[in-house]
Structures are given as C-alpha cells and as structure tokens.
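**Student:** Let me give you the structure first, and then I'll get to my questions.
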Amino acid sequence: MTQMCRRGMVSSRISPSSTSSFSARTGRMFEKCENTFKLRWNNVYSSLSTWNGGMDASSHRMFGTNTTTTPASSSLFDTSSSSTSSPSSSLDMDKQLRSDVKTMGTMLGKIILQHEGEEIFQKVEFLRSHAKAWREAGAGRNPALQAECEEAFGQMSNLASNLTSRELVVVSRAFTHFCAICNAAEYHHRSRRNDKTIRDSASSFPGTSGALATSIPDSCGNVIPSLLEKGLSPKEIWDTLTSQTVELVLTAHPTEVNRRTLLDKHKRMQNLLTEADAKRALGNPTPFEKKNLDDKLEREISLIWQSDEVSRSKPTPQSEAERGTLVVETVLWDAVPMYLSKLDTTMRETLGGDEFGLPLDAAPIQFSSWMGGDRDGNPNVTAHVTREVCLSNRIRAARLLTKDIKEIWGRLSTTYCSEELRAVVGHDAREPYRAFLKPILIKLEKTIEWAEQELQNLQPTTSTTTRNHIPLDSIYLTKSQLMSELLLVHRSLCETGNELTANGRVLNTIRSLSAFGLTLVPLDVRQESTRHTEALDCITRHLGLGSYEQWDESTRISWIQKELSSNRPLIRNKDWHTNPNVFTDTSIDTLETFAMIADQHPDSLGAYVISQATSASDVLAVLLLQRNAGVAQPLRVVPLFETLDDLNIAPTTMETLFDLPAYAGSISGKQEVMVGYSDSAKDAGRLAASWAQYTAQERLAQVAAKYNIDLTFFHGKGGTVGRGGNPATFNAILSHAPHTINGYFRVTEQGEMINQNFGHPDRAERTLDIYTAAICAEQHTERPVPTTQWRDLMDQLSEISCNAYRSIVREDPRFVPYFRSATPELELSNLNIGSRPAKRRATGGVESLRAIPWIFAWTQTRLNLPTWLGVGEAIQAMLNDPQKSQELRTMYNDWGSFRTTLQLVEMILAKSEPAIAKHYDDMLVKDDGGAKELGMEVRKMHAQTEQAVMDLAGHTTLCETNALLNRVLHVRNPYVDCMNVLQAEILKRLRECDEDAVEDEEKKLLKDALLISITGIANGMGNTG
C-alpha cells in the first residue's frame, strides 16, 4: 500500500546527554578594542538578556498569563513595571524592555487564545515549560541530573509526536512570532540605549553637542579625540576622514527569511514603541493616549497572527532587487545625510573649527548592489533583467530627488540670491531660487518619463509608435549634472547670509545625491569564469581558430593580448544568433550580457566581478569581451578568489597580470580584488580559510606595491561567523592585516543583516558610524605583525585543521548521506527567499552547494559544524607539544587577529547544542551506511573542540567572561529548543510521505509547518546563512 503522510504517530525518543558545559563569551581584544567589543555586543545583545520580562515574573510564562488563561496586563504604560515615565538609567531601560516584551507577549497570547483556543495555548506553554526544565537540568550536560533531563525532553518529544499536522503549524507559529516580536522590541531597545548613551555623553563632556557618542570606543565621537591624544594633528585626522570611503554592497543572497509584509509590521511596532517612549518622556500621558497606542500595538500583533508568514512563490530577480533596495528609499536616503551632518558637527567640534568640517559633496559612505546584476549560478538574471533593474533604480532615484527638490522649491521663496545665480535666472525673476529650481524639476520629471518609456520598451508586446521621443540632453544621466546645480544653490544661500537654510534640506539633498547618485545604487555584474571561457571558446571555433577552452594558459594569454591590441571586434553584435551549432545558449547569454553593458549609461554599473577566478586569463577574458562588445567606459574587472587554492595562488595570478603591458595599461594604476570568505571557509574550514585570507591579502598588497598599483580589497562576507561575519564590526576591521585597507573598505551586506543594520534610521546611523570610525582608526592603529614563529605555527594549524575538516566533509563517504538526512538541507529549497537555485549546478554534492544553504542547514540543527570543524584537532595538536603550546598561548594573548578568530569560534561553540543535533539524528538518520555513527563521531569532535578552545583561552566554561551572552542564551535557548523539537518531528513526518503521492492537505500543512519552523529558528538564533 502506498504510504501517505503519517498523522500524529507517537515517538518517545529522548535526547541524551553531551559532555560539556557552556556559559557566556570572552572579550579579550586589543587593549583599546576590548571595551569596544563588549560595548558592541552590549548594543546588539544586552537587551535580550532581559527577555525573561516577556514572561510572568512568578511563573515565567511565555505570554504573561496565569493558569486560568486570564490575560495579564497588556499596556505599554503598565504601572506595575514603572513604565509610565521615561527611563533614567540603564537598569530602568532594561526594565522597560522587559515591560515591552511582556506587553507584546501578553497581547500575542490573548490573540492566540481568541483565534486558536485554550487547548493550543496550553500545549504551547507545556512545551516551553518543559524546555525550561530541560535547560535547568543541564540540557544533557550534567550527569547528576540525567534522569530529570531525559524526563523533560521526553515530554517535549512526546507532545510534538502527538500533535496533529495542523497543531504543528499553529504551535510553530506561536514560537516563531514570539521570537519575532521580541526581536522587534530588542531592535528598538538598541536605538533606545544608543540614544541614552549619546545624551549621557553630551552631558558628561562639556562643549560637545552630542551629535555622536564620545563614550563609545567604536564611534567617531570617541575615535577622533583618541587620535588627537595619540599626537595626530587635526589636519591629519581631517585628511583621513575626508579621503576614506566605506562602500557597502547590498546583495541578493537569500538569508532574510521573514516576509516583507511582516518586516513592515515589525517596523511599525518599533515605531509605536518609540512613540510610547516619547509620551513617557513628556510625562503623564492621558488615558486616551495610552489606550490609543496600546490598541495600535495589539492591532499590529493581531494582523501578524492572521497573516501568512510563508512566501508562496520565489521572487523574481526584479522583485528581489526592488525589495532589497527598499531600505535605501525608506531609511538610508534620509539616514545617510543625517549621519553625515552629525559627523560634520563632530569634526568641527573636536578638530577645532569650521575649516575642519566635512566637505559638501564628500561621500565617505557609498552603496552599491548585486541585486539584478549577480548572475553567478542564477540563470534567472539575464541581460534583460539587468536592464530593467537599472532603469527601475533610475526611476526611484529621480522620484526621491524630485520630492526633495520640490520641498526646497516650496521653502525658498526668498527674493535675494547671489550674482552667480542671478546671472542664470535673469533679473526679472522675482523668486530666483524657484525660477532656478523649476527647470530642474522639469528635467527630473523628463528623466522619470524617459526611464519609464525605456522600461516599457523592454516589454515584448509594447508598441512605441505613440510615444514621444525624449532627447538625452533633456534628462539627467549623471549625478555631476545635477550636483553642480545644487551646489550653486547652496553657494548662493551662503553668500546672501542664509547659511542656516543652505545647511538644511539643500545640504541633505546634496549628500543624498553624493551617496546614491541618479542610479540609487550602481549594480555590479558578477559571472563565473567558466562562462567567459565558454563564450570565447565558441568565438574561436566560429572564427576557425580552434578551441580556446583546450588551449593552455600561455596560449590564451598570448592570443588575448594580441586581440586587445587590435581595433577590430572579434565578432559583430548579434552574430552569435546566426550560428546555433557553435554558440550554446549559455554563451549567447554571456555575450548578451556584455552587449547590455555597452548599452548602459554612466553610473548604472560598477564592477565586473569574476567568481571562481583561478588564472590571469580569467581576468583578461572579461577585458576582451568588454572591448569586443564596444563598452565605451569598461567596468573595472574584479577577480574573486574564493577557494583555498585560489587564495594561495592569487598573488602569482595578479603579478602575472601586472607584468602584461596590455593589462597594466588598461587599469590606470588601480586594481580591485575580491576575497571570498564564505566559499573559502566551506572549502577548507574556518581556521584554514582565515589564515589563507590573511596571508593572501598581505601578499597581494606587497605585489601591488611592487608595481605601484593602488589596490582595493572587496570583502565578500556573510552575516554569520561561518561566512566571515563578526558582530563586532569595529574589531573585525582592525583585525585585518596591516596595510591592506588603506582607507577604502568595500564589503557585502547580505540578507537579514540589511534589516538588522539598516532597517531603522537610528540603527542605520549607528552602523555607519561604526564603519567610519573603524576605517579611520585602522589607518592610525599599530597592530602586531605576526612573527616568523607565529607564521610557522599558523601554517601548521591551518594544515591540520584543513585536513581534519576535509577528511569529514570531502573524504568520508558517510558524510553526504548524513548531512542530507540530519539537516533540512534538501527542504530548504522550498523556502522561497531568493531567486537563485541553492546550487550552482543542478547536479553535484556538497561541493556544488552554495555557502548559504550549507551554513543555513547546520544553523537550524544547532550543530554549526562548518564554523568549528577542524579547529579542535589543530589546537589540541599544538597544545600537546610543550614547545608549541607555549608559543600558541603567546600568540593567542598577543596577536589580536588570531585571538578574534578563536573567540568567534568559542562563541559559536557556546551557541551550539549537540544534544539537539543528536535528537535530529535519532529522529531522521537511518543506520544504513554508518551515517548515524558519523553523527556520534562529529559530536565527540565538538566536545573535544570545546575543551581545546577553553584550554587555550584559559576558561573553565565557554565564553565565561561574557555574562551578557550567557544571559542571552539562557533566555533564548528554551524557545529555540521547542522549535527544534517541532522541526525534527515535522521533518520525520514529511520524509515518511510518499514522494510520488499526490500532495494532500496533510502534506501541505506539514510543508507549511516546516517553513514556519525554519523561520522561527532563524529568528531565535538571530541569523540564517
């Protein structure tokens, strides 16, 4: 009989004990940076440690309700929590967070009771209370409480196994939404604490305006005075700040699991919390004001509960780009100029006068995007798509500028202006500024109309016969055209005694234009090197020259150099369509991409990034294809080195290029190289990859200096530690090898990190301040350069850790079956959070899997294997050698870069939960082929890695010096534990369904439950991939 989905079958599997303990996190960094690291964690996480306030103080109930399910107080102004007045201390502020979470949790509980009934409510509470009991019994880590531990976990597992499929959906939703609304409260609390820090700084440091915090080491408000104390002159610091650039590249990497509609609701909840803070600050809000805000908050939570949290279809690249860059329109367009205004004020105050202010059109912060341009492994991103996204971005930028300039036009009714501006508008203009701005507005409207027409013309059924032709000289194409006009307005206002007016909306618009231009965000184009090889191979065969793909490297280089010196194109535009026997579909797509690049107007595109770059010919190929397509201003070509081998040979590859006259003459003394943090870690493990990234950048900088090349590194990092992320951004930047940043830092911002860092104006300004302060400090901070002994030790650590990592991931035949059965990797493709496939190729194993689902899958099961695997073996091998052991400990204590890497690994070990991973094994892994045995071995390695890292750090428990993280984990873990138990049960049932059977309602419910649990665990853990 065909087996359909199992309904409510009982499973009493109990998660056994594991052997290590965990607590909190360490923070021993560079002397100055130690406090920075802790403060950064404080900003991000401290408020979460008070989440216990989201539960009733006596019973610790999730929804703040009592046993009779009578709703507890659910007001933002609950007098029992002393929340009717503005918090005056950090302790009061944390109490306010507890009150906020308790209020929102109570509202959610009330809504669940209303819509789902008391039985569901009690099942949710049963799970949570037993998860808490399991944690109190040591979560399998305390042998003395083993019986209590097994009893508590067994109750959780049994309840999950007896839930119907619909109940699995509803209970998963309860935990998921509770974590999400608590995240929203925490995000708001970060802003609340930051605001208080700035206000306290202003009152503690007379003579400062409180524009930026002077008491936070990773703020420009502190870095600038610190540099003055070190002996730098105001001019040196001013030169540094006005010449440096941070470029943040928003990417389409699919790690934001929450739907846009829910993120919008979470943002409105944060705004309501801000409004409540403002009411408290004024004192004694009226009963109507209290009820009005409470009703608004409960309304949002009610709508959240009644919304579908599952994305039902994959986004198109166009919609992905629109959603991903929405943060520019809704937050950054105003937040960037506001931050620059604060930086300008801080520079004037601390450096000694107006001459040290930020120049009007300075752009120390810039943004770019990969959304709509990144086609690496994503066949959905075509030349047509990139054209559409570029035009859509121009429309959105022009609309934002139109809105701003209309506001300026409405305000500038003055009749006075400078002679310079009067000469433009004429002496008859009664209101000269309005006369000057009117044609600008007309030109912007024409720009919008032109872009809309061009966008419409891309649609296959569009008729263009009735459309008006708009000449290009009647629209804005580059920001320099509009910038000169806005600067004239600003100069005129200043010259006529209206500096205050000039430095309001006019200056903000100038700064928005400097940061975003007329294209909103320029797009990088990214494609893998093999696609360019294929395209050139088709061309050479079409021309009767043989197979480019079969040529050796020297032959390729020689031929490309010869063609670069020629003025004739290799092939005429569109000729690739005339020979289908030679030109493959993918080669045609590649050639169409270069034709699209040639059609784009200035500033639409940024760099051309070559993924999987392995040789000099990979870079030369893109130069040749651009020249062949007739690209008037070729995009800078950026090789991306992303495997261990590629990183190791990168310096040789670039030196080969710099030695070629044809190449050296084409780059004007500037080169950008991208370092792939995600794929290198996936290839070799975290420790080996970190060392390869460090040394590759050192050696590349030396090669560039030898050839007098201005080298910029582009850092391809994700949000998680396994993909190169570090929550302490300031220290992460100072951990880079000396002389590799040099005032220019280009880095990716991905997925959920975009919302976390830029989703609210206060958070966006704080993030920009950290980046600016770090790049400034990095240029004037002496850091130790690793000694010869340290380098030898790192080489040994790297080799041992890489071998240990690859022996499991690459060489053990049990690994792929284990990975795919013990994690939800196969099911992640159903999570419609990105437009691209999970793999670069439809076939292949782990090696073809992208880094994001690789990390995502292990994060879900709480094992976090990619981040620590191999580290323990390497550390323990050195500790076992008396001579090397002492050198290793010295290196840990004295070299901040190495210590930072190990501290991040220690943090991930503390956040991991092997007992939960074992439960997945028990539920999902079959004994066939030894996969379950491998799971046991991996968990043993985890325990050994814990011991080795603690030994090196001098700790008795993981992260013992960071009570903050310990409290965070103490509060978060029970909720995530519940979702893990639910997810394991859901996966078991889904995999017992017949894949060929018609999808019935039961299977649909289980799929929804799984996707909800994935979102919930991601919300609870704070990250995905």
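Going by the structure tokens order, chains are called A, B, ..., each with residues numbered from 1, while ligands are numbered from 1 in the order shown.
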Counting only C-alpha atoms, which residues in segment 187-299 of chain A sit no more than 9 Å from segment 340-351 of chain A? For each one, give the nearest pair of atoms and the distance in Å, sorted by chain then residue number, as CSV.

**Tutor:**
```
residue,atom,partner,partner_atom,distance
A:Gly207,CA,A:Glu349,CA,7.9
A:Thr208,CA,A:Glu349,CA,6.8
A:Ser209,CA,A:Thr346,CA,7.9
A:Gly210,CA,A:Thr346,CA,8.3
A:Ala211,CA,A:Lys342,CA,4.9
A:Leu212,CA,A:Lys342,CA,6.4
A:Cys220,CA,A:Leu343,CA,7.4
A:Gly221,CA,A:Thr346,CA,6.4
A:Ile224,CA,A:Thr350,CA,7.1
A:Pro225,CA,A:Thr350,CA,6.5
A:Leu228,CA,A:Leu351,CA,8.3
A:Ser233,CA,A:Leu351,CA,8.4
A:Pro234,CA,A:Leu351,CA,5.0
A:Lys235,CA,A:Leu351,CA,7.9
A:Ile237,CA,A:Leu351,CA,8.0
A:Trp238,CA,A:Met347,CA,7.7
```

**Student:** List as a PyMOL selection string the protein and nucleic acid residues near segment 528-532 of chain A, meaning an atom at most 8 Å away when only C-alpha atoms are counted, but skip any in the same chain fewer than 2 places from it.

**Tutor:** chain A and resi 376-377+526+534-536+586-587+590+610-613+618+621-622

**Student:** So that I can check the surroundings of segment 645-647 of chain A, please list as a PyMOL selection string every protein, DNA and RNA residue that reaches within 12 Å of it, counting only C-alpha atoms and ignoring chain neighbours fewer than 3 positions away.

**Tutor:** chain A and resi 611-616+639-642+650-654+673-677+679-681+683-684+688-700+802

**Student:** Determine which residues of segment 67-313 of chain A DSSP labels as strand (DSSP E) from the backbone of this structure, then write them out as a list in words.

**Tutor:** Thr245, Val246, Glu247, Leu248, Val249, Leu250 and Thr251 of chain A

**Student:** Please produce an output containing N, CA, C and O atoms for each residue in the selection, written as a compact mmCIF listing (two decimals), in the first residue's frame.

**Tutor:**
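Saved as out37.txt:
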```txt
# COMPACT_ATOMS: atom_id res chain seq x y z
N THR A 245 36.79 55.90 2.29
CA THR A 245 35.48 55.51 1.77
C THR A 245 35.11 54.13 2.28
O THR A 245 35.92 53.21 2.25
N VAL A 246 33.88 54.02 2.74
CA VAL A 246 33.28 52.72 3.03
C VAL A 246 32.19 52.50 1.99
O VAL A 246 31.27 53.32 1.86
N GLU A 247 32.30 51.41 1.24
CA GLU A 247 31.27 51.10 0.25
C GLU A 247 30.59 49.80 0.65
O GLU A 247 31.22 48.75 0.75
N LEU A 248 29.31 49.90 0.91
CA LEU A 248 28.51 48.76 1.36
C LEU A 248 27.71 48.24 0.17
O LEU A 248 26.92 48.97 -0.43
N VAL A 249 27.91 46.98 -0.15
CA VAL A 249 27.30 46.38 -1.34
C VAL A 249 26.16 45.48 -0.89
O VAL A 249 26.38 44.44 -0.26
N LEU A 250 24.94 45.89 -1.20
CA LEU A 250 23.75 45.13 -0.83
C LEU A 250 23.62 43.96 -1.80
O LEU A 250 23.59 44.16 -3.02
N THR A 251 23.53 42.76 -1.28
CA THR A 251 23.49 41.59 -2.15
C THR A 251 22.16 40.86 -2.05
O THR A 251 21.43 40.99 -1.06
```

**Student:** Pick out the residues sitting within 12 Å of Lys291 of chain A, and hand them over as a ChimeraX atom specification; count only C-alpha atoms, and ignore anything fewer than 6 positions along from it in its own chain.

**Tutor:** /A:74-78,276,285,297-299

**Student:** List the neighbours of Ala147 of chain A out to 12 Å using only C-alpha atoms; skip same-chain residues closer than 2 positions along the sequence, and give me the result as a list of chain:residue names.

**Tutor:**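 In the requested form, the answer reads A:Ile14, A:Ser15, A:Pro16, A:Ser17, A:Ala133, A:Trp134, A:Ala137, A:Gly138, A:Ala139, A:Gly140, A:Arg141, A:Asn142, A:Pro143, A:Ala144, A:Leu145, A:Cys149, A:Glu150, A:Glu151, A:Ala152, A:Phe153, A:Gly154.
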
**Student:** If we count only C-alpha atoms, what is near Val785 of chain A at a cut-off of 10 Å, once residues fewer than 4 positions away on the same chain are taken out, given as a list in words?

**Tutor:**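 Contacts, with the query itself left out: Ala737, Pro738, Trp790, Arg791, Trp895, Gly896 and Ser897 of chain A.
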
**Student:** Can you write out the residues you just picked, keeping C-alpha atoms, as a short mmCIF file (atom, residue, chain, number, x, y, z; two decimals), in the first residue's frame?

**Tutor:**
```cif
data_model
loop_
_atom_site.label_atom_id
_atom_site.label_comp_id
_atom_site.auth_asym_id
_atom_site.auth_seq_id
_atom_site.Cartn_x
_atom_site.Cartn_y
_atom_site.Cartn_z
CA ALA A 737 46.32 42.52 8.11
CA PRO A 738 48.09 45.91 8.39
CA TRP A 790 53.72 32.63 14.58
CA ARG A 791 53.54 32.20 10.82
CA TRP A 895 48.04 38.76 18.41
CA GLY A 896 44.56 40.24 18.16
CA SER A 897 43.71 38.81 14.74
#
```
